[in-house]
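Colleague: To start, I am sharing the structure in question, which I have written as structure tokens.
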Amino acid sequence: MTIPFIDLKSQYQALKPQIQERINRVLDHGQYIMGPEVGELEERLADYVGVKHCIAVASGTEALLISLMALGIRPGDEIITTPFTFVATAEVIALLGAKPVFVDIQPDTYNIDPALIEAAISPRTRAIMPVSLYGQPADMDEINAIALKHNLPVIEDAAQSFGAKYKKRKSCNLSTIGCTSFFPSKPLGCYGDGGAIFTSDDTLAKFCREIRVHGQEKRYHHTRIGVGGRMDTLQCAVVLAKLDRFDWEVERRSQLAARYSELITANCQLPTIKSDRTSVYAQYTIGVDNRDVVAKQLNEQGIPTAVHYPVPLNHQPAYASTCGGGATPVSELVAGRVVSLPMGPDLSEPDQDRIVAALLQSVQLSAS
Ligand SMILES: *Cc1c(COP(=O)(O)O)cnc(C)c1O
């Protein structure tokens, strides 16, 4: 039997009454756009994260885009970010005519290397956008210190890290702005697209709220250029229902990750989580030699895998000619080695044992 890469069906079964009740409530009141669940979710999430403002938006990508627009990013501006991420991180920069400047990653956490950031700062630099990859916050203190010195805002792309902790704080509350995604496979997913922006800056929050609805300050009065970026009431209702089980899910992901790391005794690079933070394991990703062979063999045994990410963004055709930054040898090396294993709160121990057994066998075979 094929093991699901992320088991959303079991999660739904566990939460069915809450989810159906929440959805039915929306169908009954009929306020599909900006209904009461939107504000309710924003309040719950702002409390959870510990910031003043949460703005629910149409997706994680839209959260990043609206944040950059609220910061006034314009053509010719430069934003420092990592090349080892999902394309949306750089896409929103390029969409505004600005230039992603890629800085290489650390070989253990795969997050942006703060030691390389200052060399990439130019007179055109307008922001730093680290990604908290696979669910582990980047080195935010070091990044914030550099940003402060150069008077730059920091946007945490926390699409994969909602629920993670960094020192005493939560991801999305670690810098000027935090952005997350509720894409179904993310740690806190809805049943379609959704995302959120977090900030404690009143002005930025106001701008984000206006940009989310076509840049309007009040109805049909447009003070800035905006987008159609609202999150559906129905999707907010789904996230509200899922919040009931979220802390348990985070704990369960962490247990399963620890169990993977204990059982995988073959010659693999296991995830490195720094001691002052946690990961929510949006992905459990290991590094192996002969990655493509290992992935193929697992797949043949009904074990799906994924590669996050096979090509660093500075080598993607759409970005290769327009981005800045120096060489990124670590990203290139890592992109050829990583493979993500099935992960999620509803992965069972017997299935995990099967995955590990197949992996160990495959790693040994492909090495001999
Ligand atoms: C998923 C993801 C996004 C985009 O989120 P969507 O909700 O799919 O638009 C952005 N950045 C990273 C790092 C992601 O993993």
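Chain labels follow the order of the structure tokens: the first chain is A, the next B, and so on; residue numbering restarts at 1 in every chain, and ligands are counted from 1 in their shown order.
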Show me, as JSON lines, the residues of stretch 106-140 of chain A having an atom within 12 Å of stretch 187-190 of chain A, each with the closest atom pair and its distance in Å, using only C-alpha atoms.

Modeller:
```
{"residue": "A:Tyr134", "atom": "CA", "partner": "A:Pro187", "partner_atom": "CA", "distance": 9.9}
{"residue": "A:Gly135", "atom": "CA", "partner": "A:Pro187", "partner_atom": "CA", "distance": 8.3}
{"residue": "A:Gln136", "atom": "CA", "partner": "A:Pro187", "partner_atom": "CA", "distance": 11.9}
```

Colleague: Can those selected residues be exported to a file as a PDB file, in the first residue's frame so that it contains all heavy atoms?

Modeller:
```pdb
ATOM      1  N   TYR A 134      11.838  24.433   6.044  1.00  0.00           N
ATOM      2  CA  TYR A 134      11.369  23.134   6.555  1.00  0.00           C
ATOM      3  C   TYR A 134      10.698  23.256   7.931  1.00  0.00           C
ATOM      4  O   TYR A 134      10.385  22.239   8.555  1.00  0.00           O
ATOM      5  CB  TYR A 134      12.512  22.115   6.666  1.00  0.00           C
ATOM      6  CG  TYR A 134      13.294  21.845   5.402  1.00  0.00           C
ATOM      7  CD1 TYR A 134      14.625  21.438   5.479  1.00  0.00           C
ATOM      8  CD2 TYR A 134      12.707  21.971   4.142  1.00  0.00           C
ATOM      9  CE1 TYR A 134      15.355  21.166   4.328  1.00  0.00           C
ATOM     10  CE2 TYR A 134      13.436  21.711   2.988  1.00  0.00           C
ATOM     11  CZ  TYR A 134      14.758  21.309   3.090  1.00  0.00           C
ATOM     12  OH  TYR A 134      15.487  21.041   1.955  1.00  0.00           O
ATOM     13  N   GLY A 135      10.555  24.494   8.413  1.00  0.00           N
ATOM     14  CA  GLY A 135       9.900  24.675   9.705  1.00  0.00           C
ATOM     15  C   GLY A 135      10.796  25.170  10.818  1.00  0.00           C
ATOM     16  O   GLY A 135      10.335  25.366  11.936  1.00  0.00           O
ATOM     17  N   GLN A 136      12.099  25.365  10.526  1.00  0.00           N
ATOM     18  CA  GLN A 136      13.030  25.845  11.548  1.00  0.00           C
ATOM     19  C   GLN A 136      13.372  27.323  11.312  1.00  0.00           C
ATOM     20  O   GLN A 136      13.883  27.665  10.240  1.00  0.00           O
ATOM     21  CB  GLN A 136      14.328  25.033  11.511  1.00  0.00           C
ATOM     22  CG  GLN A 136      15.398  25.648  12.392  1.00  0.00           C
ATOM     23  CD  GLN A 136      16.677  24.836  12.505  1.00  0.00           C
ATOM     24  OE1 GLN A 136      17.288  24.801  13.550  1.00  0.00           O
ATOM     25  NE2 GLN A 136      17.087  24.169  11.438  1.00  0.00           N
TER      26      GLN A 136
END
```

Colleague: Would you kindly return, as a ChimeraX atom specification, each protein, DNA or RNA residue with an atom no farther than 6 Å from any atom of stretch 94-105 of chain A, considering only C-alpha atoms and excluding same-chain residues fewer than 4 positions away?

Modeller: /A:75-83,90,110-113,323-325,328

Colleague: When distances are computed from only C-alpha atoms and all ligand atoms, which of A:Glu43, A:Asp139, A:Asp157, A:Asp108 shows the smallest separation from ligand 1?

Modeller: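 Ranking A:Glu43, A:Asp139, A:Asp157, A:Asp108 by distance to ligand 1, first place goes to A:Asp157.
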
Colleague: Could you please determine the separation between atom CA of A:Gly35 and atom CA of A:Leu68 in Å, to one decimal place?

Modeller: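 Interatomic distance, atom CA of A:Gly35 to atom CA of A:Leu68: 25.9 Å.
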
Colleague: Contacts of A:Ser185 at 12 Å or less, counting only C-alpha atoms, minus same-chain residues fewer than 3 places along, as a PDB file with C-alpha atoms, in the first residue's frame?

Modeller:
```pdb
ATOM      1  CA  PRO A   4       0.546   9.223   1.665  1.00  0.00           C
ATOM      2  CA  PHE A   5       3.276  11.899   1.580  1.00  0.00           C
ATOM      3  CA  ILE A   6       1.053  14.057   3.790  1.00  0.00           C
ATOM      4  CA  ASP A   7      -2.039  12.398   5.210  1.00  0.00           C
ATOM      5  CA  LEU A   8      -4.758  15.060   5.054  1.00  0.00           C
ATOM      6  CA  LYS A   9      -7.574  12.500   5.003  1.00  0.00           C
ATOM      7  CA  GLN A  11      -6.569  14.703   9.780  1.00  0.00           C
ATOM      8  CA  TYR A 134      11.369  23.134   6.555  1.00  0.00           C
ATOM      9  CA  ALA A 159       5.336  29.750   5.158  1.00  0.00           C
ATOM     10  CA  GLN A 160       6.762  26.495   6.536  1.00  0.00           C
ATOM     11  CA  SER A 181       0.834  30.130   4.299  1.00  0.00           C
ATOM     12  CA  PHE A 182      -2.201  27.935   4.890  1.00  0.00           C
ATOM     13  CA  LEU A 188      -1.367  24.733   9.553  1.00  0.00           C
ATOM     14  CA  GLY A 189      -3.265  24.218   6.307  1.00  0.00           C
ATOM     15  CA  CYS A 190      -6.728  25.113   5.055  1.00  0.00           C
ATOM     16  CA  TYR A 191      -8.658  23.416   2.241  1.00  0.00           C
ATOM     17  CA  GLY A 192      -7.503  25.695  -0.533  1.00  0.00           C
ATOM     18  CA  ASP A 193      -5.287  28.762  -0.559  1.00  0.00           C
ATOM     19  CA  GLY A 194      -4.748  31.069   2.381  1.00  0.00           C
ATOM     20  CA  TYR A 281       8.920  19.896  10.386  1.00  0.00           C
ATOM     21  CA  ALA A 282       6.896  21.093   7.443  1.00  0.00           C
ATOM     22  CA  GLN A 283       9.315  18.652   5.854  1.00  0.00           C
ATOM     23  CA  PRO A 342       6.522  11.373   4.350  1.00  0.00           C
ATOM     24  CA  MET A 343       5.691  13.500   7.388  1.00  0.00           C
ATOM     25  CA  GLY A 344       2.596  14.667   9.209  1.00  0.00           C
ATOM     26  CA  PRO A 345       0.829  14.294  12.531  1.00  0.00           C
TER      27      PRO A 345
END
```

Colleague: Would you list the residues that come within 8 Å of ligand 1? Count only C-alpha atoms and all ligand atoms and give the answer as a short mmCIF file (atom, residue, chain, number, x, y, z; two decimals) with N, CA and C atoms, in the first residue's frame.

Modeller:
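Listing of out-v6.cif after writing:
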```cif
data_model
loop_
_atom_site.label_atom_id
_atom_site.label_comp_id
_atom_site.auth_asym_id
_atom_site.auth_seq_id
_atom_site.Cartn_x
_atom_site.Cartn_y
_atom_site.Cartn_z
N ALA A 58 -4.94 35.95 0.80
CA ALA A 58 -5.34 34.88 -0.11
C ALA A 58 -4.36 33.70 -0.19
N SER A 59 -3.10 33.92 0.15
CA SER A 59 -2.10 32.85 0.09
C SER A 59 -0.82 33.31 0.76
N GLY A 60 0.12 32.41 0.90
CA GLY A 60 1.42 32.79 1.42
C GLY A 60 2.14 33.72 0.46
N THR A 61 2.00 33.45 -0.81
CA THR A 61 2.62 34.30 -1.83
C THR A 61 2.08 35.72 -1.73
N GLU A 62 0.75 35.81 -1.59
CA GLU A 62 0.11 37.13 -1.48
C GLU A 62 0.57 37.84 -0.20
N ALA A 63 0.78 37.09 0.86
CA ALA A 63 1.26 37.68 2.12
C ALA A 63 2.62 38.35 1.90
N LEU A 64 3.49 37.65 1.19
CA LEU A 64 4.82 38.21 0.91
C LEU A 64 4.72 39.43 0.00
N THR A 85 14.87 27.88 -1.57
CA THR A 85 13.52 28.08 -1.06
C THR A 85 12.54 27.82 -2.19
N PHE A 86 11.25 27.84 -1.84
CA PHE A 86 10.20 27.78 -2.86
C PHE A 86 10.23 29.08 -3.65
N VAL A 87 9.90 28.99 -4.92
CA VAL A 87 10.07 30.12 -5.84
C VAL A 87 9.32 31.38 -5.41
N ALA A 88 8.22 31.22 -4.67
CA ALA A 88 7.40 32.39 -4.31
C ALA A 88 8.21 33.46 -3.58
N THR A 89 9.19 33.04 -2.79
CA THR A 89 10.00 34.00 -2.03
C THR A 89 10.64 35.04 -2.96
N VAL A 131 14.14 32.89 5.02
CA VAL A 131 13.09 31.87 5.00
C VAL A 131 13.37 30.91 6.15
N SER A 132 12.35 30.55 6.90
CA SER A 132 12.51 29.57 7.98
C SER A 132 12.21 28.19 7.39
N LEU A 133 13.24 27.63 6.77
CA LEU A 133 13.08 26.47 5.89
C LEU A 133 12.74 25.18 6.62
N TYR A 134 11.84 24.43 6.04
CA TYR A 134 11.37 23.13 6.55
C TYR A 134 10.70 23.26 7.93
N ASP A 157 9.95 34.84 5.87
CA ASP A 157 9.08 33.95 5.10
C ASP A 157 8.89 32.71 5.97
N ALA A 158 7.77 32.73 6.71
CA ALA A 158 7.47 31.67 7.67
C ALA A 158 6.39 30.74 7.12
N ALA A 159 6.35 30.59 5.80
CA ALA A 159 5.34 29.75 5.16
C ALA A 159 5.40 28.32 5.67
N GLN A 160 6.61 27.89 6.09
CA GLN A 160 6.76 26.50 6.54
C GLN A 160 6.90 26.38 8.05
N THR A 180 2.99 33.85 6.67
CA THR A 180 2.84 32.40 6.60
C THR A 180 1.83 32.00 5.54
N SER A 181 1.72 30.69 5.32
CA SER A 181 0.83 30.13 4.30
C SER A 181 -0.05 29.07 4.93
N PHE A 182 -1.29 29.00 4.47
CA PHE A 182 -2.20 27.93 4.89
C PHE A 182 -2.48 26.97 3.74
N PHE A 183 -1.58 26.90 2.79
CA PHE A 183 -1.66 25.88 1.73
C PHE A 183 -1.89 24.53 2.42
N LYS A 186 0.88 22.66 4.33
CA LYS A 186 1.73 23.34 5.32
C LYS A 186 1.32 22.88 6.72
N ASP A 193 -6.38 27.82 -0.78
CA ASP A 193 -5.29 28.76 -0.56
C ASP A 193 -5.61 29.71 0.58
N GLY A 194 -4.60 30.09 1.31
CA GLY A 194 -4.75 31.07 2.38
C GLY A 194 -3.38 31.43 2.92
N GLY A 195 -3.32 32.55 3.62
CA GLY A 195 -2.05 32.96 4.22
C GLY A 195 -2.29 34.08 5.20
#
```

Colleague: Check the smallest atom-to-atom distance from each of A:Lys52, A:Arg212, A:Arg230, A:Arg74 to A:Ile177 using only C-alpha atoms, then report the winner.

Modeller: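 Under the stated criterion, the closest residue is A:Lys52.
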
Colleague: Hey, which of A:Ala138, A:Ile197, A:Met129, A:Leu152 ends up closest to A:Ala46? Count only C-alpha atoms.

Modeller: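 That would be A:Ile197, the residue with the smallest distance to A:Ala46.
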
Colleague: Measuring atom to atom with only C-alpha atoms, identify which of A:Val49, A:Cys179, A:Ile286, A:Val307 is nearest to A:Ile264.

Modeller: A:Ile286

Colleague: Under the rule that only C-alpha atoms are counted, which of A:Val250, A:Val339, A:Leu243, A:Ala327 is the nearest residue to A:Asn290?

Modeller: A:Val339

Colleague: Going by DSSP on the backbone, which residues of stretch 106-299 of chain A come out as strand (DSSP E)? List them as a count of residues only.

Modeller: 31

Colleague: For a quick check of understanding, using only C-alpha atoms, which of A:Asp353, A:Asp201, A:Asp276, A:Asp28 has the smallest distance to A:Arg169?

Modeller: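 Among the listed residues, A:Asp276 lies closest to A:Arg169.
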
Colleague: For A:Val154, find every residue with an atom within 10 Å (counting only C-alpha atoms), except residues of its own chain fewer than 2 positions away, and show them as number ranges by chain.

Modeller: A: 79-80, 126-130, 140, 143-144, 146-148, 151-152, 156-157, 174-178

Colleague: Once you have the residues from the selection above, write them out as a PDB file, in the first residue's frame, restricted to N, CA, C and O atoms.

Modeller:
```pdb
ATOM      1  N   ILE A  79      16.444  43.138  -2.666  1.00  0.00           N
ATOM      2  CA  ILE A  79      16.036  42.427  -1.455  1.00  0.00           C
ATOM      3  C   ILE A  79      16.964  41.227  -1.301  1.00  0.00           C
ATOM      4  O   ILE A  79      17.098  40.425  -2.230  1.00  0.00           O
ATOM      5  N   ILE A  80      17.544  41.102  -0.128  1.00  0.00           N
ATOM      6  CA  ILE A  80      18.444  39.975   0.125  1.00  0.00           C
ATOM      7  C   ILE A  80      17.629  38.779   0.603  1.00  0.00           C
ATOM      8  O   ILE A  80      16.809  38.891   1.520  1.00  0.00           O
ATOM      9  N   ARG A 126      16.900  47.193   0.227  1.00  0.00           N
ATOM     10  CA  ARG A 126      15.741  47.762   0.932  1.00  0.00           C
ATOM     11  C   ARG A 126      15.173  46.825   2.000  1.00  0.00           C
ATOM     12  O   ARG A 126      14.349  47.247   2.803  1.00  0.00           O
ATOM     13  N   ALA A 127      15.538  45.561   1.967  1.00  0.00           N
ATOM     14  CA  ALA A 127      15.001  44.634   2.971  1.00  0.00           C
ATOM     15  C   ALA A 127      15.787  43.331   2.945  1.00  0.00           C
ATOM     16  O   ALA A 127      16.478  43.026   1.962  1.00  0.00           O
ATOM     17  N   ILE A 128      15.664  42.575   4.039  1.00  0.00           N
ATOM     18  CA  ILE A 128      16.229  41.221   4.101  1.00  0.00           C
ATOM     19  C   ILE A 128      15.055  40.263   4.313  1.00  0.00           C
ATOM     20  O   ILE A 128      14.183  40.520   5.137  1.00  0.00           O
ATOM     21  N   MET A 129      15.025  39.199   3.515  1.00  0.00           N
ATOM     22  CA  MET A 129      13.914  38.256   3.583  1.00  0.00           C
ATOM     23  C   MET A 129      14.427  36.836   3.813  1.00  0.00           C
ATOM     24  O   MET A 129      14.589  36.058   2.875  1.00  0.00           O
ATOM     25  N   PRO A 130      14.686  36.460   5.064  1.00  0.00           N
ATOM     26  CA  PRO A 130      15.084  35.077   5.341  1.00  0.00           C
ATOM     27  C   PRO A 130      13.875  34.151   5.256  1.00  0.00           C
ATOM     28  O   PRO A 130      12.732  34.587   5.386  1.00  0.00           O
ATOM     29  N   MET A 140      17.499  34.546  13.342  1.00  0.00           N
ATOM     30  CA  MET A 140      16.851  35.853  13.295  1.00  0.00           C
ATOM     31  C   MET A 140      17.580  36.929  14.103  1.00  0.00           C
ATOM     32  O   MET A 140      17.615  38.081  13.691  1.00  0.00           O
ATOM     33  N   ILE A 143      20.390  38.172  11.981  1.00  0.00           N
ATOM     34  CA  ILE A 143      19.848  38.876  10.813  1.00  0.00           C
ATOM     35  C   ILE A 143      19.269  40.230  11.236  1.00  0.00           C
ATOM     36  O   ILE A 143      19.532  41.262  10.600  1.00  0.00           O
ATOM     37  N   ASN A 144      18.540  40.263  12.337  1.00  0.00           N
ATOM     38  CA  ASN A 144      17.964  41.520  12.820  1.00  0.00           C
ATOM     39  C   ASN A 144      19.058  42.532  13.200  1.00  0.00           C
ATOM     40  O   ASN A 144      18.883  43.734  12.999  1.00  0.00           O
ATOM     41  N   ILE A 146      22.043  42.837  11.848  1.00  0.00           N
ATOM     42  CA  ILE A 146      22.582  43.410  10.602  1.00  0.00           C
ATOM     43  C   ILE A 146      21.578  44.417  10.032  1.00  0.00           C
ATOM     44  O   ILE A 146      21.929  45.511   9.601  1.00  0.00           O
ATOM     45  N   ALA A 147      20.304  44.036  10.063  1.00  0.00           N
ATOM     46  CA  ALA A 147      19.252  44.906   9.522  1.00  0.00           C
ATOM     47  C   ALA A 147      19.185  46.228  10.287  1.00  0.00           C
ATOM     48  O   ALA A 147      19.055  47.302   9.691  1.00  0.00           O
ATOM     49  N   LEU A 148      19.311  46.140  11.593  1.00  0.00           N
ATOM     50  CA  LEU A 148      19.253  47.344  12.430  1.00  0.00           C
ATOM     51  C   LEU A 148      20.403  48.285  12.081  1.00  0.00           C
ATOM     52  O   LEU A 148      20.224  49.491  11.937  1.00  0.00           O
ATOM     53  N   ASN A 151      19.567  49.838   8.912  1.00  0.00           N
ATOM     54  CA  ASN A 151      18.219  50.410   8.888  1.00  0.00           C
ATOM     55  C   ASN A 151      17.313  49.745   7.840  1.00  0.00           C
ATOM     56  O   ASN A 151      16.659  50.417   7.043  1.00  0.00           O
ATOM     57  N   LEU A 152      17.289  48.434   7.847  1.00  0.00           N
ATOM     58  CA  LEU A 152      16.484  47.681   6.883  1.00  0.00           C
ATOM     59  C   LEU A 152      15.401  46.887   7.606  1.00  0.00           C
ATOM     60  O   LEU A 152      15.646  46.355   8.692  1.00  0.00           O
ATOM     61  N   GLU A 156      10.201  37.773   7.598  1.00  0.00           N
ATOM     62  CA  GLU A 156      10.441  36.331   7.747  1.00  0.00           C
ATOM     63  C   GLU A 156       9.452  35.596   6.847  1.00  0.00           C
ATOM     64  O   GLU A 156       8.240  35.720   7.017  1.00  0.00           O
ATOM     65  N   ASP A 157       9.950  34.838   5.872  1.00  0.00           N
ATOM     66  CA  ASP A 157       9.077  33.950   5.102  1.00  0.00           C
ATOM     67  C   ASP A 157       8.885  32.706   5.967  1.00  0.00           C
ATOM     68  O   ASP A 157       9.712  31.799   5.981  1.00  0.00           O
ATOM     69  N   LEU A 174       9.259  37.422  14.856  1.00  0.00           N
ATOM     70  CA  LEU A 174      10.709  37.480  15.034  1.00  0.00           C
ATOM     71  C   LEU A 174      11.344  38.645  14.293  1.00  0.00           C
ATOM     72  O   LEU A 174      12.556  38.811  14.340  1.00  0.00           O
ATOM     73  N   SER A 175      10.524  39.454  13.601  1.00  0.00           N
ATOM     74  CA  SER A 175      11.104  40.544  12.805  1.00  0.00           C
ATOM     75  C   SER A 175      10.011  41.553  12.465  1.00  0.00           C
ATOM     76  O   SER A 175       8.892  41.449  12.957  1.00  0.00           O
ATOM     77  N   THR A 176      10.323  42.500  11.597  1.00  0.00           N
ATOM     78  CA  THR A 176       9.370  43.558  11.224  1.00  0.00           C
ATOM     79  C   THR A 176       8.024  42.965  10.802  1.00  0.00           C
ATOM     80  O   THR A 176       6.964  43.394  11.243  1.00  0.00           O
ATOM     81  N   ILE A 177       8.111  41.974   9.911  1.00  0.00           N
ATOM     82  CA  ILE A 177       6.912  41.320   9.393  1.00  0.00           C
ATOM     83  C   ILE A 177       7.183  39.818   9.310  1.00  0.00           C
ATOM     84  O   ILE A 177       8.298  39.406   8.978  1.00  0.00           O
ATOM     85  N   GLY A 178       6.172  39.006   9.604  1.00  0.00           N
ATOM     86  CA  GLY A 178       6.253  37.567   9.373  1.00  0.00           C
ATOM     87  C   GLY A 178       5.114  37.177   8.444  1.00  0.00           C
ATOM     88  O   GLY A 178       4.001  37.684   8.583  1.00  0.00           O
TER      89      GLY A 178
END
```

Colleague: Looking only at helix (DSSP H, G or I) from DSSP on the backbone, list the matching residues of stretch 52-300 of chain A as an MDAnalysis selection string.

Modeller: chainID A and resid 60:70 88:95 114:116 118:120 133:135 140:149 202:212 233:263 291:300

Colleague: Could you list, as a list in words, every residue within 10 Å of A:Ala119, counting only C-alpha atoms and ignoring same-chain residues fewer than 2 positions away?

Modeller: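 In the requested format, the answer is Val103, Ala115, Leu116, Ile117, Ile121, Ser122, Gly325 and Gly326 of chain A.
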
Colleague: Would you work out the distance separating atom CA of A:Asp346 from atom CA of A:Ser10, expressed in Å to one decimal?

Modeller: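 Atom CA of A:Asp346 sits 6.4 Å away from atom CA of A:Ser10.
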
Colleague: A:Gly228: which residues within 12 Å, counting only C-alpha atoms, same-chain residues fewer than 5 positions away excluded, as a list in words?

Modeller: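 Everything that qualifies: Ile33, Val57, Ala58, Ser59, Glu62, Ala63, Leu65, Ile66, Cys208, Arg209, Glu210, Ile211, Arg212, Val213, His214, Gly215 and Gln216 of chain A.
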
Colleague: Take the residues that were just selected and, keeping N, CA, C and O atoms, output them as an mmCIF file, in the first residue's frame.

Modeller:
```cif
data_model
loop_
_atom_site.group_PDB
_atom_site.id
_atom_site.type_symbol
_atom_site.label_atom_id
_atom_site.label_comp_id
_atom_site.auth_asym_id
_atom_site.auth_seq_id
_atom_site.Cartn_x
_atom_site.Cartn_y
_atom_site.Cartn_z
ATOM 1 N N ILE A 33 -17.264 36.677 1.821
ATOM 2 C CA ILE A 33 -16.099 37.572 1.732
ATOM 3 C C ILE A 33 -16.055 38.427 2.990
ATOM 4 O O ILE A 33 -17.028 39.100 3.320
ATOM 5 N N VAL A 57 -4.792 36.742 4.388
ATOM 6 C CA VAL A 57 -4.747 37.048 2.956
ATOM 7 C C VAL A 57 -4.904 35.761 2.118
ATOM 8 O O VAL A 57 -4.988 34.665 2.660
ATOM 9 N N ALA A 58 -4.937 35.947 0.798
ATOM 10 C CA ALA A 58 -5.336 34.881 -0.114
ATOM 11 C C ALA A 58 -4.363 33.703 -0.189
ATOM 12 O O ALA A 58 -4.756 32.607 -0.572
ATOM 13 N N SER A 59 -3.102 33.923 0.154
ATOM 14 C CA SER A 59 -2.102 32.845 0.089
ATOM 15 C C SER A 59 -0.821 33.314 0.763
ATOM 16 O O SER A 59 -0.688 34.502 1.107
ATOM 17 N N GLU A 62 0.752 35.812 -1.593
ATOM 18 C CA GLU A 62 0.111 37.131 -1.480
ATOM 19 C C GLU A 62 0.569 37.840 -0.199
ATOM 20 O O GLU A 62 0.750 39.054 -0.180
ATOM 21 N N ALA A 63 0.779 37.087 0.862
ATOM 22 C CA ALA A 63 1.264 37.680 2.120
ATOM 23 C C ALA A 63 2.619 38.349 1.900
ATOM 24 O O ALA A 63 2.852 39.483 2.343
ATOM 25 N N LEU A 65 3.888 39.312 -1.033
ATOM 26 C CA LEU A 65 3.742 40.409 -1.995
ATOM 27 C C LEU A 65 3.181 41.663 -1.318
ATOM 28 O O LEU A 65 3.709 42.765 -1.470
ATOM 29 N N ILE A 66 2.111 41.482 -0.559
ATOM 30 C CA ILE A 66 1.476 42.623 0.116
ATOM 31 C C ILE A 66 2.453 43.261 1.107
ATOM 32 O O ILE A 66 2.525 44.488 1.234
ATOM 33 N N CYS A 208 -1.111 47.088 4.929
ATOM 34 C CA CYS A 208 -1.384 45.721 4.461
ATOM 35 C C CYS A 208 -2.893 45.501 4.319
ATOM 36 O O CYS A 208 -3.352 44.908 3.329
ATOM 37 N N ARG A 209 -3.662 45.986 5.294
ATOM 38 C CA ARG A 209 -5.131 45.829 5.220
ATOM 39 C C ARG A 209 -5.696 46.538 3.995
ATOM 40 O O ARG A 209 -6.603 46.035 3.335
ATOM 41 N N GLU A 210 -5.159 47.717 3.709
ATOM 42 C CA GLU A 210 -5.650 48.463 2.541
ATOM 43 C C GLU A 210 -5.238 47.777 1.237
ATOM 44 O O GLU A 210 -6.054 47.625 0.323
ATOM 45 N N ILE A 211 -3.983 47.361 1.172
ATOM 46 C CA ILE A 211 -3.488 46.730 -0.066
ATOM 47 C C ILE A 211 -4.246 45.433 -0.342
ATOM 48 O O ILE A 211 -4.542 45.115 -1.494
ATOM 49 N N ARG A 212 -4.599 44.717 0.729
ATOM 50 C CA ARG A 212 -5.343 43.459 0.577
ATOM 51 C C ARG A 212 -6.649 43.676 -0.202
ATOM 52 O O ARG A 212 -7.105 42.802 -0.929
ATOM 53 N N VAL A 213 -7.280 44.803 -0.017
ATOM 54 C CA VAL A 213 -8.544 45.098 -0.714
ATOM 55 C C VAL A 213 -8.351 46.282 -1.659
ATOM 56 O O VAL A 213 -8.869 47.378 -1.431
ATOM 57 N N HIS A 214 -7.551 46.065 -2.708
ATOM 58 C CA HIS A 214 -7.421 47.044 -3.782
ATOM 59 C C HIS A 214 -6.958 48.419 -3.326
ATOM 60 O O HIS A 214 -7.309 49.430 -3.942
ATOM 61 N N GLY A 215 -6.198 48.467 -2.272
ATOM 62 C CA GLY A 215 -5.641 49.743 -1.835
ATOM 63 C C GLY A 215 -6.688 50.743 -1.401
ATOM 64 O O GLY A 215 -6.493 51.950 -1.536
ATOM 65 N N GLN A 216 -7.799 50.233 -0.886
ATOM 66 C CA GLN A 216 -8.836 51.199 -0.501
ATOM 67 C C GLN A 216 -8.812 51.497 0.991
ATOM 68 O O GLN A 216 -8.675 50.613 1.822
#
```
